[in-house]
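Reading through the structure tokens given below for one structure.
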Amino acid sequence: MGFAVTVGGRRVECAPDQSLLDACLRAGLWMPNSCNQGTCGTCKLQVVGGEVDHRDSPFDTLTTEERAAGMALACQARPVSDVEVGGSGDRTTHPLRDLTATVLEVADIARDTRRVLLGLAEPLAFSAGQYVEFVVPGSGARRQYSLANTADEDKVLELHVRRVPGGVATDGWLFDGLAVGDEVVATGPLGDFHLLPESDDDGGPMVLIGGGTGLAPLVGIARTALARHPAREVLLYHGVRGTADLYDGDRFAELAEEHPNFRFVPVLSDEPAAEHRSGFPTDAFVEDVPSARGWSGWLCGPPAMVEAGVKAFKRRRMAPRHIHREKFTSTARSSRPPTRWADPDL
Amino acid sequence: MTTTEKPDLSWLDDVTMTELERHPYRTYERLRAEAPLAYVPVLGSYVASTAEVCREVATSPDFEGVITPAGGRTFGHPAIIGVNGDVHADLRSMVEPALQPVEVDRWIDDLVRPIARRYLEQFENDGRAELVAQYCEPVSVRSLGDLLGLQSVDSDKLREWFAKLNRSFTNAAMTEDGEFANPEGFREGDEAKAEIRAIVDPLIDKWIEEPDDSAISHWLHDGMPPGQTRDREYIYPTIYVYLLGAMQEPGHGMASTLVGLFSRPEQLEQVVDDPVLIPRAISEGMRWTSPIWSATARISTKDVTIAGVDVPAGTPVMLSYGSANHDTGVYEAPSTYDLHRPPLPHLAFGAGSHACAGIYFANHVMRIAMEELFEAIPNLERDTGEGVEFWGWGFRGPTSLHVTWEV
Ligand SMILES: Cc1cc2nc3c(=O)[nH]c(=O)nc-3n(C[C@H](O)[C@H](O)[C@H](O)COP(=O)(O)OP(=O)(O)OC[C@H]3O[C@@H](n4cnc5c(N)ncnc54)[C@H](O)[C@@H]3O)c2cc1C
Ligand code: HEM
Ligand code: FES
């Protein structure tokens, strides 16, 4: 038997062992969310009535004090009674659902980097920039991969995956057994990393910075933004170690031909090459853009790069509410309470 | 020889007004530890210094509101903070309608945001500013000034008025005979009031004939029989309450919150990145440096015992909310600004029937001003070449706040 979850007057059913976030998103009821693995804190909400089980909520993300004050991580918490949670309940979203897909293509496109194309049985409604979560066959582990698609490319999903040595999903599956014709199981779409609805998009200038395969969602976002406003200023930085990590150069050259105010800038951090900028992409942005007032900013990739990007954007005076970020955090598991008595000050 | 259980408080004889205005926490920390209700000679009054005793006195049915002597000398009678019963009820019913949350929600954004933008535009491309004088105080006085109907009075004049009324209101030093120790300290307050009358009287003349939607016009007319208005002498003391505290404190509150955040750069960054945290940052700023530090009082209506002290009927007690908010019995490391401390209630807006009437309005003025500041200048840094000094015992906040940013 499940429980009812009420948000601002809307009621959704939550199955046993289903997270609050999963229940709401499946009902098409929007809730803030980003990582879906308890690490980012975006989905933190107030439990107004009823009880939840925090499950694996890491103490780094949801502190003891916050638990005591009735906060919960929607992506982790399971209701243990009917619950009411804070929020207005008046925003809808593309409903989350289970997906089955067939592998159509697996291509090595750069050093330790693969493009995976997946054919869907049913088209998926999503916004460019969102991601899907896969169940790794055999292990049951869940891993998130961003979609490089625009919303109308809804039958074939494009993923960019970077190999992590010893990684369960990458080394153990996507770079190992995965073959054309395989069936994969996933849920999606997830995440808030996407453009405003078209009616609210004024065509303002944008800067996007992707680290490694953090480029994936930016490919979908940049193409969507340019389709809406073909002459808008869009600066896309791709930060990698060396030329061997670069991919899709032709695709961006083509885009730049159609859109005179689009610029693609690869930046190499470790292995400089004469034809490319070197250093960090966030520093390249600071050099190139004297003022980012009125711009929006999009950051995706390793957490440290995303943090550096937030600083760089603010330094150029971009308004923080126009800074969007997607961190490729790896699954953290620190759900044991901190041991207070070990505090050296006490 | 008899021994007495009373603590030896002779050290209080050496406490001066100057010391209280510069470093009130030193004296009050000792008071909280030794005598949470104590007679402080320089103030000629009992003082409540802990959270528990301040709350008890502020909410006790055996106490009622009273204005401090210097406050009464500055504002005159009947000021809302110093009256009780029907007169207090009438004055609250006069000021409250404009400050109700549903009412404030209707116009606060349209009132404050353009004001904040206007002041920001004057310096946002300069790369440096002194935020107290260029932003916190101007946004605070302009927002309330426009609400009251004082559009014709420029912001610098409103700032000058609150500063003069402040120094007069807190000219609290008393002699042993219960006289004002520094009578000439009221002169600048008197000058300010003369100027206020010269400017506001003609506005009142106009509002009597042609009511409009300004707050003071409503004060004159609301709840009165047709054709009658409240007497101006009756509302002036409360106008002065507004022209001092209500004008000054949101500015103090913002500036203190900013200084607190600058002391915790990682917390400043969190707040800049996530404006949803601004109300929490402000609430902690109010606790950390309470703008109305020690300006209001209560008087006992019968013999009572408070914190073990027998207090005869008719004894005034000053409420030191700024001290109560540093009570170690309630807050861990109270002198540290910490956005993430457990959000316990604080006393920065007072308690009981005389609690602040402008909480909702003030909090939103501060919130909107800080939202606009961080939106325009997300890379704000404290100018470490300049110090920050806090001043004030009755009312407290930073006297200046120099900042820089890359443009
Ligand atoms: C919202 C979201 C979207 C994502 N989208 C993409 C995407 O589009 N493309 C993509 O390639 N990845 C993406 N990721 C990361 C992806 O989900 C996996 O975390 C990653 O592929 C590693 O999984 P794994 O099972 O192979 O490694 P794991 O078995 O999880 O990790 C193996 C070991 O490597 C460490 N590790 C994990 N990741 C890294 C890393 N990046 N660098 C160094 N050490 C690491 C782990 O701590 C662990 O010790 C995304 C993550 C999130 C949260
Ligand atoms: C951050 C800003 C402010 C702070 C910290 C503050 C704090 C206080 C405090 C501590 C008191 C005395 C409470 C007591 O004695 O228990 C008070 C009283 C009062 N405040 Fe505020 N205040 C602020 C802003 C305002 C504003 C903007 C207004 C009006 C628009 C306002 C209106 C009043 C009134 C009318 C009283 C007297 C209430 C009474 O005696 O009945 N305040 N305030
Ligand atoms: S912690 Fe729940 S979405 Fe990130």
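Each chain in the structure tokens gets a letter, A, B, ..., in the order shown, and its residues are numbered from 1; ligands are numbered from 1 in order too.
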
(request) Identify, on the basis of only C-alpha atoms, every residue whose closest approach to Ala231 in chain A does not exceed 8 Å; exclude the query and any residue fewer than 4 positions from it along the same chain; express the result as a ChimeraX atom specification. (result) /A:226,259-261

Those residues you just picked out, can you put them in a file as a PDB file, in the first residue's frame with all heavy atoms?
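This is the output file again11.pdb:
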```
ATOM      1  N   LEU A 226      19.337  28.855 -30.431  1.00  0.00           N
ATOM      2  CA  LEU A 226      19.569  29.468 -31.740  1.00  0.00           C
ATOM      3  C   LEU A 226      18.374  29.270 -32.671  1.00  0.00           C
ATOM      4  O   LEU A 226      18.079  30.124 -33.509  1.00  0.00           O
ATOM      5  CB  LEU A 226      20.840  28.894 -32.378  1.00  0.00           C
ATOM      6  CG  LEU A 226      22.144  29.358 -31.704  1.00  0.00           C
ATOM      7  CD1 LEU A 226      23.319  28.495 -32.146  1.00  0.00           C
ATOM      8  CD2 LEU A 226      22.412  30.836 -32.003  1.00  0.00           C
ATOM      9  N   HIS A 259      24.697  30.666 -38.007  1.00  0.00           N
ATOM     10  CA  HIS A 259      24.406  31.674 -36.977  1.00  0.00           C
ATOM     11  C   HIS A 259      25.639  32.523 -36.734  1.00  0.00           C
ATOM     12  O   HIS A 259      26.545  32.107 -36.017  1.00  0.00           O
ATOM     13  CB  HIS A 259      23.962  30.991 -35.678  1.00  0.00           C
ATOM     14  CG  HIS A 259      22.754  30.130 -35.867  1.00  0.00           C
ATOM     15  ND1 HIS A 259      21.483  30.643 -35.919  1.00  0.00           N
ATOM     16  CD2 HIS A 259      22.637  28.799 -36.046  1.00  0.00           C
ATOM     17  CE1 HIS A 259      20.624  29.657 -36.107  1.00  0.00           C
ATOM     18  NE2 HIS A 259      21.298  28.524 -36.202  1.00  0.00           N
ATOM     19  N   PRO A 260      25.669  33.727 -37.318  1.00  0.00           N
ATOM     20  CA  PRO A 260      26.880  34.551 -37.257  1.00  0.00           C
ATOM     21  C   PRO A 260      27.284  34.931 -35.835  1.00  0.00           C
ATOM     22  O   PRO A 260      28.449  35.211 -35.590  1.00  0.00           O
ATOM     23  CB  PRO A 260      26.489  35.803 -38.061  1.00  0.00           C
ATOM     24  CG  PRO A 260      24.983  35.805 -38.101  1.00  0.00           C
ATOM     25  CD  PRO A 260      24.583  34.384 -38.065  1.00  0.00           C
ATOM     26  N   ASN A 261      26.340  34.917 -34.906  1.00  0.00           N
ATOM     27  CA  ASN A 261      26.702  35.303 -33.544  1.00  0.00           C
ATOM     28  C   ASN A 261      26.933  34.121 -32.612  1.00  0.00           C
ATOM     29  O   ASN A 261      26.978  34.270 -31.400  1.00  0.00           O
ATOM     30  CB  ASN A 261      25.638  36.229 -32.947  1.00  0.00           C
ATOM     31  CG  ASN A 261      25.590  37.537 -33.709  1.00  0.00           C
ATOM     32  OD1 ASN A 261      26.632  38.049 -34.121  1.00  0.00           O
ATOM     33  ND2 ASN A 261      24.395  38.048 -33.928  1.00  0.00           N
TER      34      ASN A 261
END
```

(request) Using only C-alpha atoms and all ligand atoms, determine which residues fall within 7 Å of ligand 2, then list them as a ChimeraX atom specification. (result) /B:58,80-82,88,92,95,99,144,242,245-247,249-250,252-253,286,290-292,296-297,321,348-359,361-363

(request) For chain B, list the residues within 12 Å of chain A, counting only C-alpha atoms, and write the list as a ChimeraX atom specification. (result) /B:124-125,127,266,269-276,340-344,371-381,404-407

(message) Just want the 9 Å neighbourhood of Gly38 in chain A, counted on only C-alpha atoms, with same-chain residues fewer than 6 positions away dropped. Output as number ranges by chain.
(response) A: 56-58, 61-62, 73-76, 331-333

Generate a file of the selected residues that holds C-alpha atoms, formatted as an mmCIF file, in the first residue's frame.
```cif
data_model
loop_
_atom_site.group_PDB
_atom_site.id
_atom_site.type_symbol
_atom_site.label_atom_id
_atom_site.label_comp_id
_atom_site.auth_asym_id
_atom_site.auth_seq_id
_atom_site.Cartn_x
_atom_site.Cartn_y
_atom_site.Cartn_z
ATOM 1 C CA ASP A 56 20.248 7.276 2.037
ATOM 2 C CA SER A 57 20.059 11.081 2.323
ATOM 3 C CA PRO A 58 23.704 12.047 2.923
ATOM 4 C CA THR A 61 23.393 17.422 2.015
ATOM 5 C CA LEU A 62 20.729 17.171 4.736
ATOM 6 C CA LEU A 73 15.473 15.474 0.241
ATOM 7 C CA ALA A 74 12.600 14.674 -2.096
ATOM 8 C CA CYS A 75 14.781 12.478 -4.297
ATOM 9 C CA GLN A 76 15.683 10.221 -1.363
ATOM 10 C CA THR A 331 27.341 8.876 -6.539
ATOM 11 C CA ALA A 332 28.301 9.770 -2.983
ATOM 12 C CA ARG A 333 27.399 7.607 -0.047
#
```

(request) Considering only C-alpha atoms, return as a list in words whatever protein or nucleic-acid residues lie within 9 Å of range 302-310 of chain B, sequence-local ones (same chain, fewer than 6 positions apart) excluded. (result)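 Here the qualifying residues turn out to be Ala35, Pro36, Leu37, Ala38, Val53, Glu56, Val57, Asp62 and Phe63 of chain B.
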
Using only C-alpha atoms, please write the residues we just selected to a file, as a PDB file, in the first residue's frame.
```pdb
ATOM      1  CA  ALA B  35      22.339  40.360  37.200  1.00  0.00           C
ATOM      2  CA  PRO B  36      19.892  39.888  34.339  1.00  0.00           C
ATOM      3  CA  LEU B  37      17.765  42.601  35.911  1.00  0.00           C
ATOM      4  CA  ALA B  38      19.935  45.367  37.337  1.00  0.00           C
ATOM      5  CA  VAL B  53      13.964  38.469  31.330  1.00  0.00           C
ATOM      6  CA  GLU B  56       9.127  38.192  30.521  1.00  0.00           C
ATOM      7  CA  VAL B  57       9.031  41.952  31.091  1.00  0.00           C
ATOM      8  CA  ASP B  62       2.136  43.374  35.276  1.00  0.00           C
ATOM      9  CA  PHE B  63       4.034  45.739  32.998  1.00  0.00           C
TER      10      PHE B  63
END
```

(message) Applying 7 Å and only C-alpha atoms, which residues near Ile115 in chain B remain after dropping the ones on its own chain fewer than 4 positions away? List them as number ranges by chain.
(response) B: 111, 119, 139

With a cut-off of 6 Å, could you pull out the residues of chain A touching ligand 3 and give me the nearest pair of atoms for each, distance in Å to one decimal, using only C-alpha atoms and all ligand atoms, ordered by chain and ascending number, as a tab-separated table?
```
residue	atom	partner	partner_atom_place_in_ligand_line	distance
A:Asn33	CA	ligand 3	3 (S)	4.1
A:Ser34	CA	ligand 3	3 (S)	4.3
A:Cys35	CA	ligand 3	4 (Fe)	4.0
A:Asn36	CA	ligand 3	3 (S)	3.9
A:Gln37	CA	ligand 3	4 (Fe)	5.6
A:Gly38	CA	ligand 3	1 (S)	3.4
A:Thr39	CA	ligand 3	1 (S)	4.6
A:Cys40	CA	ligand 3	4 (Fe)	3.9
A:Gly41	CA	ligand 3	1 (S)	3.8
A:Thr42	CA	ligand 3	4 (Fe)	5.0
A:Cys43	CA	ligand 3	2 (Fe)	4.4
A:Leu73	CA	ligand 3	2 (Fe)	5.3
A:Ala74	CA	ligand 3	2 (Fe)	5.8
A:Cys75	CA	ligand 3	2 (Fe)	4.3
```

(message) With DSSP run on the backbone, what are the alpha helix (DSSP H) residues within range 34-201 of chain B? I'd like them as a ChimeraX atom specification.
(response) /B:34,51-59,69-75,85-95,101-123,131,137-148,155-169,187-201

Closest atom pairs, residues of chain A within 9 Å of ligand 1, only C-alpha atoms and all ligand atoms, as JSON lines:
```
{"residue": "A:Ser34", "atom": "CA", "partner": "ligand 1", "partner_atom_place_in_ligand_line": "1 (C)", "distance": 6.1}
{"residue": "A:Cys35", "atom": "CA", "partner": "ligand 1", "partner_atom_place_in_ligand_line": "53 (C)", "distance": 4.6}
{"residue": "A:Asn36", "atom": "CA", "partner": "ligand 1", "partner_atom_place_in_ligand_line": "53 (C)", "distance": 7.2}
{"residue": "A:Gln37", "atom": "CA", "partner": "ligand 1", "partner_atom_place_in_ligand_line": "53 (C)", "distance": 7.2}
{"residue": "A:Thr39", "atom": "CA", "partner": "ligand 1", "partner_atom_place_in_ligand_line": "53 (C)", "distance": 8.4}
{"residue": "A:Cys40", "atom": "CA", "partner": "ligand 1", "partner_atom_place_in_ligand_line": "53 (C)", "distance": 8.7}
{"residue": "A:Thr113", "atom": "CA", "partner": "ligand 1", "partner_atom_place_in_ligand_line": "11 (O)", "distance": 7.7}
{"residue": "A:Arg114", "atom": "CA", "partner": "ligand 1", "partner_atom_place_in_ligand_line": "11 (O)", "distance": 8.5}
{"residue": "A:Gln130", "atom": "CA", "partner": "ligand 1", "partner_atom_place_in_ligand_line": "1 (C)", "distance": 8.1}
{"residue": "A:Tyr131", "atom": "CA", "partner": "ligand 1", "partner_atom_place_in_ligand_line": "3 (C)", "distance": 6.1}
{"residue": "A:Val132", "atom": "CA", "partner": "ligand 1", "partner_atom_place_in_ligand_line": "3 (C)", "distance": 7.8}
{"residue": "A:Glu133", "atom": "CA", "partner": "ligand 1", "partner_atom_place_in_ligand_line": "17 (O)", "distance": 7.9}
{"residue": "A:Phe134", "atom": "CA", "partner": "ligand 1", "partner_atom_place_in_ligand_line": "17 (O)", "distance": 8.7}
{"residue": "A:Val136", "atom": "CA", "partner": "ligand 1", "partner_atom_place_in_ligand_line": "25 (O)", "distance": 8.1}
{"residue": "A:Ala141", "atom": "CA", "partner": "ligand 1", "partner_atom_place_in_ligand_line": "25 (O)", "distance": 7.5}
{"residue": "A:Arg142", "atom": "CA", "partner": "ligand 1", "partner_atom_place_in_ligand_line": "25 (O)", "distance": 7.9}
{"residue": "A:Arg143", "atom": "CA", "partner": "ligand 1", "partner_atom_place_in_ligand_line": "17 (O)", "distance": 4.3}
{"residue": "A:Gln144", "atom": "CA", "partner": "ligand 1", "partner_atom_place_in_ligand_line": "17 (O)", "distance": 3.8}
{"residue": "A:Tyr145", "atom": "CA", "partner": "ligand 1", "partner_atom_place_in_ligand_line": "5 (N)", "distance": 3.5}
{"residue": "A:Ser146", "atom": "CA", "partner": "ligand 1", "partner_atom_place_in_ligand_line": "8 (O)", "distance": 3.8}
{"residue": "A:Leu147", "atom": "CA", "partner": "ligand 1", "partner_atom_place_in_ligand_line": "8 (O)", "distance": 6.6}
{"residue": "A:Ala148", "atom": "CA", "partner": "ligand 1", "partner_atom_place_in_ligand_line": "8 (O)", "distance": 7.9}
{"residue": "A:Leu159", "atom": "CA", "partner": "ligand 1", "partner_atom_place_in_ligand_line": "8 (O)", "distance": 6.0}
{"residue": "A:His160", "atom": "CA", "partner": "ligand 1", "partner_atom_place_in_ligand_line": "9 (N)", "distance": 5.1}
{"residue": "A:Val161", "atom": "CA", "partner": "ligand 1", "partner_atom_place_in_ligand_line": "11 (O)", "distance": 3.5}
{"residue": "A:Arg162", "atom": "CA", "partner": "ligand 1", "partner_atom_place_in_ligand_line": "11 (O)", "distance": 3.9}
{"residue": "A:Arg163", "atom": "CA", "partner": "ligand 1", "partner_atom_place_in_ligand_line": "26 (O)", "distance": 6.5}
{"residue": "A:Val164", "atom": "CA", "partner": "ligand 1", "partner_atom_place_in_ligand_line": "26 (O)", "distance": 5.1}
{"residue": "A:Pro165", "atom": "CA", "partner": "ligand 1", "partner_atom_place_in_ligand_line": "34 (O)", "distance": 6.4}
{"residue": "A:Gly166", "atom": "CA", "partner": "ligand 1", "partner_atom_place_in_ligand_line": "32 (C)", "distance": 5.5}
{"residue": "A:Gly167", "atom": "CA", "partner": "ligand 1", "partner_atom_place_in_ligand_line": "26 (O)", "distance": 3.2}
{"residue": "A:Val168", "atom": "CA", "partner": "ligand 1", "partner_atom_place_in_ligand_line": "25 (O)", "distance": 3.7}
{"residue": "A:Ala169", "atom": "CA", "partner": "ligand 1", "partner_atom_place_in_ligand_line": "25 (O)", "distance": 3.5}
{"residue": "A:Thr170", "atom": "CA", "partner": "ligand 1", "partner_atom_place_in_ligand_line": "26 (O)", "distance": 3.7}
{"residue": "A:Asp171", "atom": "CA", "partner": "ligand 1", "partner_atom_place_in_ligand_line": "26 (O)", "distance": 5.8}
{"residue": "A:Gly172", "atom": "CA", "partner": "ligand 1", "partner_atom_place_in_ligand_line": "26 (O)", "distance": 7.0}
{"residue": "A:Trp173", "atom": "CA", "partner": "ligand 1", "partner_atom_place_in_ligand_line": "26 (O)", "distance": 8.0}
{"residue": "A:Leu174", "atom": "CA", "partner": "ligand 1", "partner_atom_place_in_ligand_line": "26 (O)", "distance": 8.2}
{"residue": "A:Leu190", "atom": "CA", "partner": "ligand 1", "partner_atom_place_in_ligand_line": "1 (C)", "distance": 8.0}
{"residue": "A:Gly191", "atom": "CA", "partner": "ligand 1", "partner_atom_place_in_ligand_line": "1 (C)", "distance": 6.8}
{"residue": "A:Phe193", "atom": "CA", "partner": "ligand 1", "partner_atom_place_in_ligand_line": "1 (C)", "distance": 8.8}
{"residue": "A:Gly212", "atom": "CA", "partner": "ligand 1", "partner_atom_place_in_ligand_line": "11 (O)", "distance": 7.8}
{"residue": "A:Thr213", "atom": "CA", "partner": "ligand 1", "partner_atom_place_in_ligand_line": "9 (N)", "distance": 5.0}
{"residue": "A:Gly214", "atom": "CA", "partner": "ligand 1", "partner_atom_place_in_ligand_line": "8 (O)", "distance": 6.0}
{"residue": "A:Leu215", "atom": "CA", "partner": "ligand 1", "partner_atom_place_in_ligand_line": "8 (O)", "distance": 7.7}
{"residue": "A:Ala216", "atom": "CA", "partner": "ligand 1", "partner_atom_place_in_ligand_line": "8 (O)", "distance": 5.6}
{"residue": "A:Pro217", "atom": "CA", "partner": "ligand 1", "partner_atom_place_in_ligand_line": "8 (O)", "distance": 7.0}
{"residue": "A:Cys300", "atom": "CA", "partner": "ligand 1", "partner_atom_place_in_ligand_line": "3 (C)", "distance": 8.5}
{"residue": "A:Gly301", "atom": "CA", "partner": "ligand 1", "partner_atom_place_in_ligand_line": "13 (C)", "distance": 7.7}
{"residue": "A:Pro302", "atom": "CA", "partner": "ligand 1", "partner_atom_place_in_ligand_line": "41 (N)", "distance": 6.3}
{"residue": "A:Pro303", "atom": "CA", "partner": "ligand 1", "partner_atom_place_in_ligand_line": "41 (N)", "distance": 9.0}
{"residue": "A:Glu326", "atom": "CA", "partner": "ligand 1", "partner_atom_place_in_ligand_line": "1 (C)", "distance": 6.1}
{"residue": "A:Lys327", "atom": "CA", "partner": "ligand 1", "partner_atom_place_in_ligand_line": "53 (C)", "distance": 5.9}
{"residue": "A:Phe328", "atom": "CA", "partner": "ligand 1", "partner_atom_place_in_ligand_line": "51 (C)", "distance": 3.7}
{"residue": "A:Thr329", "atom": "CA", "partner": "ligand 1", "partner_atom_place_in_ligand_line": "53 (C)", "distance": 4.7}
{"residue": "A:Ser330", "atom": "CA", "partner": "ligand 1", "partner_atom_place_in_ligand_line": "19 (O)", "distance": 4.0}
{"residue": "A:Thr331", "atom": "CA", "partner": "ligand 1", "partner_atom_place_in_ligand_line": "30 (O)", "distance": 5.6}
{"residue": "A:Ala332", "atom": "CA", "partner": "ligand 1", "partner_atom_place_in_ligand_line": "47 (O)", "distance": 7.4}
```

(request) Compile the contact shell of Arg298 in chain B as a list in words: residues with an atom at most 8 Å away, counting only C-alpha atoms, same-chain residues fewer than 3 positions apart removed. (result)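 Listing them by chain and then by number gives Val57, Ala58, Phe63, Glu64, Gly65, Val66, Ile67, Pro316, Val317, Met318 and Leu319 of chain B.
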
(request) Take CA of Pro281 in chain A and CA of Ala227 in chain A and report the distance between them in Å, one decimal. (result) 24.8 Å

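Every protein, DNA or RNA residue with an atom at most 8 Å from Leu148 in chain B, where only C-alpha atoms count and chain neighbours fewer than 4 positions away do not, is listed here: Leu144, Ser214, Ala215 and Ile216 of chain B.
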
(request) Between CA of Trp207 in chain B and CA of Asn84 in chain B, measure the distance and give it in Å to one decimal. (result)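 Interatomic distance, CA of Trp207 in chain B to CA of Asn84 in chain B: 27.3 Å.
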
(message) Give me, as a ChimeraX atom specification, the residues of range 37-273 of chain B that a backbone DSSP run labels strand (DSSP E).
(response) /B:37-40,45-48,63-66,128-130

(message) Restricting the calculation to only C-alpha atoms: of B:Leu91, B:Ala324, B:Ile235, B:Met254, which residue gets closest to Arg55 in chain B?
(response) B:Ala324

(message) I'd like to know which of A:Val286, A:Gly2, A:Ala292, A:Val219 is closest to Gly249 in chain A, using only C-alpha atoms.
(response) A:Val219

(message) Counting only C-alpha atoms, which residue out of A:Ala27, A:Ala225, A:Met71, A:Ala151 sits closest to His54 in chain A?
(response)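 Between A:Ala27, A:Ala225, A:Met71, A:Ala151, the residue approaching His54 in chain A most closely is A:Met71.
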
(request) Grab the CA of Asp192 in chain A to CA of Phe285 in chain A distance for me, in Å with one decimal place. (result) 23.7 Å

(message) Considering only C-alpha atoms, can you say which of B:Val388, B:Ala369, B:Ala172, B:Ala70 comes closest to Leu20 in chain B?
(response)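 Selected residue with least distance to Leu20 in chain B: B:Ala172.
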